[in-house]
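Trainee: Before I ask anything, let me first share the structure, which is written out below as structure tokens.
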Amino acid sequence: MPTLMTTFPKSTVKEAELLPEIATRKSLRAYSTQPLTNGAIKSLFEAARWAPSSSNEQPWVYVYATAEQPELHKKIASTLVEANAVWAKRAPLLIVAMVRTAFIRNGKPNVSAKYDLGAANAFLTLQATQLGLNVHQMGGFEKEKAIALLNIPETHEPVVVMAIGYPDSPEILPDNLKERELALRERYTQEAFVLNDVFPE
């Protein structure tokens, strides 16, 4: 019988075979200023395009800016909380990921929209990893400020901001972030979240 655990073990060891993009992905904070090609950017959104979604609604919407668009790039960066802005503003690509909150076909609320955006962002992230890019998704941003600066309509809701670019040396980061950058990647072991039975009473 499965048991409810009061402490959840973590491990850096892979418990099964993984795609290389999953095995190597990490949310880094040290970014090179090397720009992304238009082809690379397009491939990221193409990966998101083919993600699964409820009723094939595809409720995700992205607003992006490259460092070559300084005004828009600074607008997005300015929505980040300071703990994120200190490193993310260096990323050559910033994306605000949002959802359409209602179904196009009938106007009813789409309760699966954020779930579907998560799937699209995961596809985008794995495509980025395959291209040698790093993606760091951030919930730490001011939604109302993003709505105002980007003129986001009431039909849409911003969910996360993503910083994307080629990794750089951790030495460019402040000491507290450098330590986190160099830490080993660990995850809860499967026994913490996988059941092959009903929950215990």
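In the structure tokens, the first chain shown is A, the next is B, and so on; residue numbers restart at 1 for each chain, and ligands run from 1 in the order shown.
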Per residue of segment 33-129 of chain A within 9 Å of segment 146-156 of chain A, what are the shortest atom pair and its distance in Å to one decimal, counting only C-alpha atoms, with rows by chain and residue number, as JSON lines?

Mentor:
{"residue": "A:Val61", "atom": "CA", "partner": "A:His156", "partner_atom": "CA", "distance": 8.3}
{"residue": "A:Val63", "atom": "CA", "partner": "A:Leu150", "partner_atom": "CA", "distance": 8.3}
{"residue": "A:Leu72", "atom": "CA", "partner": "A:Leu150", "partner_atom": "CA", "distance": 8.6}
{"residue": "A:Lys75", "atom": "CA", "partner": "A:Leu149", "partner_atom": "CA", "distance": 6.6}
{"residue": "A:Ile76", "atom": "CA", "partner": "A:Ala146", "partner_atom": "CA", "distance": 7.0}
{"residue": "A:Ser78", "atom": "CA", "partner": "A:Ala146", "partner_atom": "CA", "distance": 8.6}
{"residue": "A:Thr79", "atom": "CA", "partner": "A:Ala146", "partner_atom": "CA", "distance": 5.8}
{"residue": "A:Val96", "atom": "CA", "partner": "A:Ala146", "partner_atom": "CA", "distance": 8.3}
{"residue": "A:Met98", "atom": "CA", "partner": "A:His156", "partner_atom": "CA", "distance": 6.5}
{"residue": "A:Val99", "atom": "CA", "partner": "A:His156", "partner_atom": "CA", "distance": 5.4}
{"residue": "A:Arg100", "atom": "CA", "partner": "A:His156", "partner_atom": "CA", "distance": 4.5}
{"residue": "A:Thr101", "atom": "CA", "partner": "A:His156", "partner_atom": "CA", "distance": 5.7}
{"residue": "A:Ala102", "atom": "CA", "partner": "A:Thr155", "partner_atom": "CA", "distance": 7.1}

Trainee: Can you write out the residues you just picked, keeping C-alpha atoms, as a PDB file, in the first residue's frame?

Mentor:
ATOM      1  CA  VAL A  61      -0.389  33.733 -26.618  1.00  0.00           C
ATOM      2  CA  VAL A  63       4.571  38.629 -26.597  1.00  0.00           C
ATOM      3  CA  LEU A  72       9.970  46.565 -25.690  1.00  0.00           C
ATOM      4  CA  LYS A  75       9.152  47.123 -20.791  1.00  0.00           C
ATOM      5  CA  ILE A  76       9.025  43.379 -20.211  1.00  0.00           C
ATOM      6  CA  SER A  78      10.532  46.213 -15.866  1.00  0.00           C
ATOM      7  CA  THR A  79       7.613  43.969 -14.908  1.00  0.00           C
ATOM      8  CA  VAL A  96       5.465  37.111 -21.685  1.00  0.00           C
ATOM      9  CA  MET A  98      -0.329  34.374 -21.456  1.00  0.00           C
ATOM     10  CA  VAL A  99      -3.632  32.642 -22.092  1.00  0.00           C
ATOM     11  CA  ARG A 100      -6.936  33.468 -23.676  1.00  0.00           C
ATOM     12  CA  THR A 101      -9.226  32.827 -20.733  1.00  0.00           C
ATOM     13  CA  ALA A 102     -12.316  31.807 -22.743  1.00  0.00           C
TER      14      ALA A 102
END

Trainee: Pull the closest atom pair for each residue of segment 9-56 of chain A that gets at most 7 Å from segment 166-170 of chain A, along with the distance in Å to one decimal, counting only C-alpha atoms, ordering rows by chain and then ascending residue number, as CSV.

Mentor:
residue,atom,partner,partner_atom,distance
A:Ala30,CA,A:Asp168,CA,5.1
A:Tyr31,CA,A:Pro167,CA,4.7
A:Ser32,CA,A:Asp168,CA,4.7
A:Gln34,CA,A:Tyr166,CA,6.8

Trainee: Please produce a file of those selected residues containing N, CA and C atoms, as a PDB file, in the first residue's frame.

Mentor:
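Generated file (selection_28.pdb):
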ATOM      1  N   ALA A  30      22.570  32.718 -15.566  1.00  0.00           N
ATOM      2  CA  ALA A  30      23.680  33.416 -16.222  1.00  0.00           C
ATOM      3  C   ALA A  30      23.497  33.345 -17.731  1.00  0.00           C
ATOM      4  N   TYR A  31      23.281  34.506 -18.353  1.00  0.00           N
ATOM      5  CA  TYR A  31      23.015  34.565 -19.787  1.00  0.00           C
ATOM      6  C   TYR A  31      24.106  35.290 -20.551  1.00  0.00           C
ATOM      7  N   SER A  32      24.470  34.729 -21.682  1.00  0.00           N
ATOM      8  CA  SER A  32      25.309  35.426 -22.648  1.00  0.00           C
ATOM      9  C   SER A  32      24.442  36.458 -23.373  1.00  0.00           C
ATOM     10  N   GLN A  34      24.807  36.953 -26.467  1.00  0.00           N
ATOM     11  CA  GLN A  34      24.756  36.503 -27.859  1.00  0.00           C
ATOM     12  C   GLN A  34      23.314  36.470 -28.336  1.00  0.00           C
TER      13      GLN A  34
END

Trainee: At a cut-off of 10 Å, using only C-alpha atoms, what residues contact Gln69 of chain A? Leave out same-chain residues fewer than 5 positions from it and give the result as a PyMOL selection string.

Mentor: chain A and resi 64+74+92-93

Trainee: Since we have the selection now, will you write its residues out, keeping N, CA and C atoms, as a PDB file, in the first residue's frame?

Mentor:
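Writing the result to out.pdb gives the following:
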ATOM      1  N   TYR A  64       6.896  38.742 -27.310  1.00  0.00           N
ATOM      2  CA  TYR A  64       8.340  38.605 -27.073  1.00  0.00           C
ATOM      3  C   TYR A  64       9.086  39.851 -27.514  1.00  0.00           C
ATOM      4  N   LYS A  74      12.908  46.365 -22.484  1.00  0.00           N
ATOM      5  CA  LYS A  74      12.937  47.019 -21.174  1.00  0.00           C
ATOM      6  C   LYS A  74      11.556  47.036 -20.530  1.00  0.00           C
ATOM      7  N   PRO A  92      18.900  37.795 -23.875  1.00  0.00           N
ATOM      8  CA  PRO A  92      18.632  38.440 -25.164  1.00  0.00           C
ATOM      9  C   PRO A  92      17.204  38.277 -25.665  1.00  0.00           C
ATOM     10  N   LEU A  93      16.437  37.369 -25.038  1.00  0.00           N
ATOM     11  CA  LEU A  93      15.042  37.167 -25.431  1.00  0.00           C
ATOM     12  C   LEU A  93      14.181  37.077 -24.182  1.00  0.00           C
TER      13      LEU A  93
END

Trainee: Quick one: pull the distance between atom CA of Ser27 of chain A and atom CA of Val135 of chain A, Å, one decimal.

Mentor: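 Between atom CA of Ser27 of chain A and atom CA of Val135 of chain A the gap works out to 6.0 Å.
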
Trainee: Considering only C-alpha atoms, can you say which of A:Leu19, A:Leu177, A:Ile95, A:Leu195 comes closest to Leu80 of chain A?

Mentor: A:Ile95

Trainee: Just want the 8 Å neighbourhood of Thr129 of chain A, counted on only C-alpha atoms, with same-chain residues fewer than 4 positions away dropped. Output as a short mmCIF file (atom, residue, chain, number, x, y, z; two decimals) with N, CA and C atoms, in the first residue's frame.

Mentor:
data_model
loop_
_atom_site.label_atom_id
_atom_site.label_comp_id
_atom_site.auth_asym_id
_atom_site.auth_seq_id
_atom_site.Cartn_x
_atom_site.Cartn_y
_atom_site.Cartn_z
N GLU A 21 17.29 16.13 -23.79
CA GLU A 21 16.81 17.48 -23.50
C GLU A 21 16.18 17.58 -22.11
N THR A 24 19.19 17.16 -19.38
CA THR A 24 20.16 18.26 -19.25
C THR A 24 19.54 19.61 -18.96
N ARG A 25 18.22 19.73 -19.11
CA ARG A 25 17.57 21.03 -18.91
C ARG A 25 17.76 21.53 -17.48
N THR A 125 10.44 24.81 -24.19
CA THR A 125 11.66 24.66 -23.39
C THR A 125 12.53 23.52 -23.90
N LEU A 133 20.02 26.40 -25.90
CA LEU A 133 19.54 27.59 -25.20
C LEU A 133 19.05 27.23 -23.81
N ASN A 134 19.02 28.23 -22.95
CA ASN A 134 18.47 28.06 -21.61
C ASN A 134 17.17 28.84 -21.51
N VAL A 135 16.18 28.23 -20.83
CA VAL A 135 14.90 28.88 -20.55
C VAL A 135 14.70 28.94 -19.05
#

Trainee: Enumerate the residues of segment 41-152 of chain A with a DSSP assignment of alpha helix (DSSP H), computed from the backbone, and present them as a PyMOL selection string.

Mentor: chain A and resi 41-49+70-78+82-88+113-130+143-150

Trainee: Give me the residues within 10 Å of Ala122 of chain A as a list in words, counting only C-alpha atoms and dropping any in the same chain fewer than 6 places off.

Mentor: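 The neighbour list is Ile22, Ala47, Ala48, Ala51, Asp116, Ala128 and Val135 of chain A.
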
Trainee: Assign secondary structure with DSSP using the backbone only, and return the residues of chain A in strand (DSSP E or B) as a ChimeraX atom specification.

Mentor: /A:10-11,31,60-66,80,93-100,102,109,134-138,141,156-165,167,187-188

Trainee: Grab the residues selected above and save them as a PDB file, in the first residue's frame with C-alpha atoms.

Mentor:
ATOM      1  CA  LYS A  10      15.145  14.055  -3.178  1.00  0.00           C
ATOM      2  CA  SER A  11      17.869  12.704  -5.427  1.00  0.00           C
ATOM      3  CA  TYR A  31      23.015  34.565 -19.787  1.00  0.00           C
ATOM      4  CA  TRP A  60      -1.484  30.269 -25.488  1.00  0.00           C
ATOM      5  CA  VAL A  61      -0.389  33.733 -26.618  1.00  0.00           C
ATOM      6  CA  TYR A  62       3.161  35.105 -26.490  1.00  0.00           C
ATOM      7  CA  VAL A  63       4.571  38.629 -26.597  1.00  0.00           C
ATOM      8  CA  TYR A  64       8.340  38.605 -27.073  1.00  0.00           C
ATOM      9  CA  ALA A  65      11.164  41.089 -27.357  1.00  0.00           C
ATOM     10  CA  THR A  66      14.817  40.699 -28.249  1.00  0.00           C
ATOM     11  CA  LEU A  80       9.933  41.525 -13.115  1.00  0.00           C
ATOM     12  CA  LEU A  93      15.042  37.167 -25.431  1.00  0.00           C
ATOM     13  CA  LEU A  94      12.197  37.898 -23.026  1.00  0.00           C
ATOM     14  CA  ILE A  95       8.724  36.439 -23.471  1.00  0.00           C
ATOM     15  CA  VAL A  96       5.465  37.111 -21.685  1.00  0.00           C
ATOM     16  CA  ALA A  97       3.399  33.924 -21.871  1.00  0.00           C
ATOM     17  CA  MET A  98      -0.329  34.374 -21.456  1.00  0.00           C
ATOM     18  CA  VAL A  99      -3.632  32.642 -22.092  1.00  0.00           C
ATOM     19  CA  ARG A 100      -6.936  33.468 -23.676  1.00  0.00           C
ATOM     20  CA  ALA A 102     -12.316  31.807 -22.743  1.00  0.00           C
ATOM     21  CA  PRO A 109     -14.342  30.048 -19.489  1.00  0.00           C
ATOM     22  CA  ASN A 134      18.467  28.061 -21.614  1.00  0.00           C
ATOM     23  CA  VAL A 135      14.901  28.882 -20.552  1.00  0.00           C
ATOM     24  CA  HIS A 136      14.039  30.252 -17.124  1.00  0.00           C
ATOM     25  CA  GLN A 137      10.341  30.709 -16.421  1.00  0.00           C
ATOM     26  CA  MET A 138       9.332  33.255 -13.784  1.00  0.00           C
ATOM     27  CA  PHE A 141       6.480  39.582 -12.118  1.00  0.00           C
ATOM     28  CA  HIS A 156      -6.064  37.468 -21.897  1.00  0.00           C
ATOM     29  CA  GLU A 157      -4.174  36.755 -18.680  1.00  0.00           C
ATOM     30  CA  PRO A 158      -0.365  36.870 -18.357  1.00  0.00           C
ATOM     31  CA  VAL A 159       0.957  33.829 -16.504  1.00  0.00           C
ATOM     32  CA  VAL A 160       4.768  33.754 -16.656  1.00  0.00           C
ATOM     33  CA  VAL A 161       7.705  35.643 -18.105  1.00  0.00           C
ATOM     34  CA  MET A 162      10.469  33.615 -19.734  1.00  0.00           C
ATOM     35  CA  ALA A 163      14.109  34.609 -20.097  1.00  0.00           C
ATOM     36  CA  ILE A 164      15.840  32.776 -22.954  1.00  0.00           C
ATOM     37  CA  GLY A 165      19.382  32.799 -24.279  1.00  0.00           C
ATOM     38  CA  PRO A 167      24.260  30.177 -21.053  1.00  0.00           C
ATOM     39  CA  ARG A 187      14.138  16.147  -7.745  1.00  0.00           C
ATOM     40  CA  TYR A 188      11.749  14.295  -5.479  1.00  0.00           C
TER      41      TYR A 188
END

Trainee: Between A:Arg180, A:Lys89, A:Lys114, A:Lys42, which one has atoms that come closest to Gln127 of chain A, using only C-alpha atoms?

Mentor: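 Under the stated criterion, the closest residue is A:Lys42.
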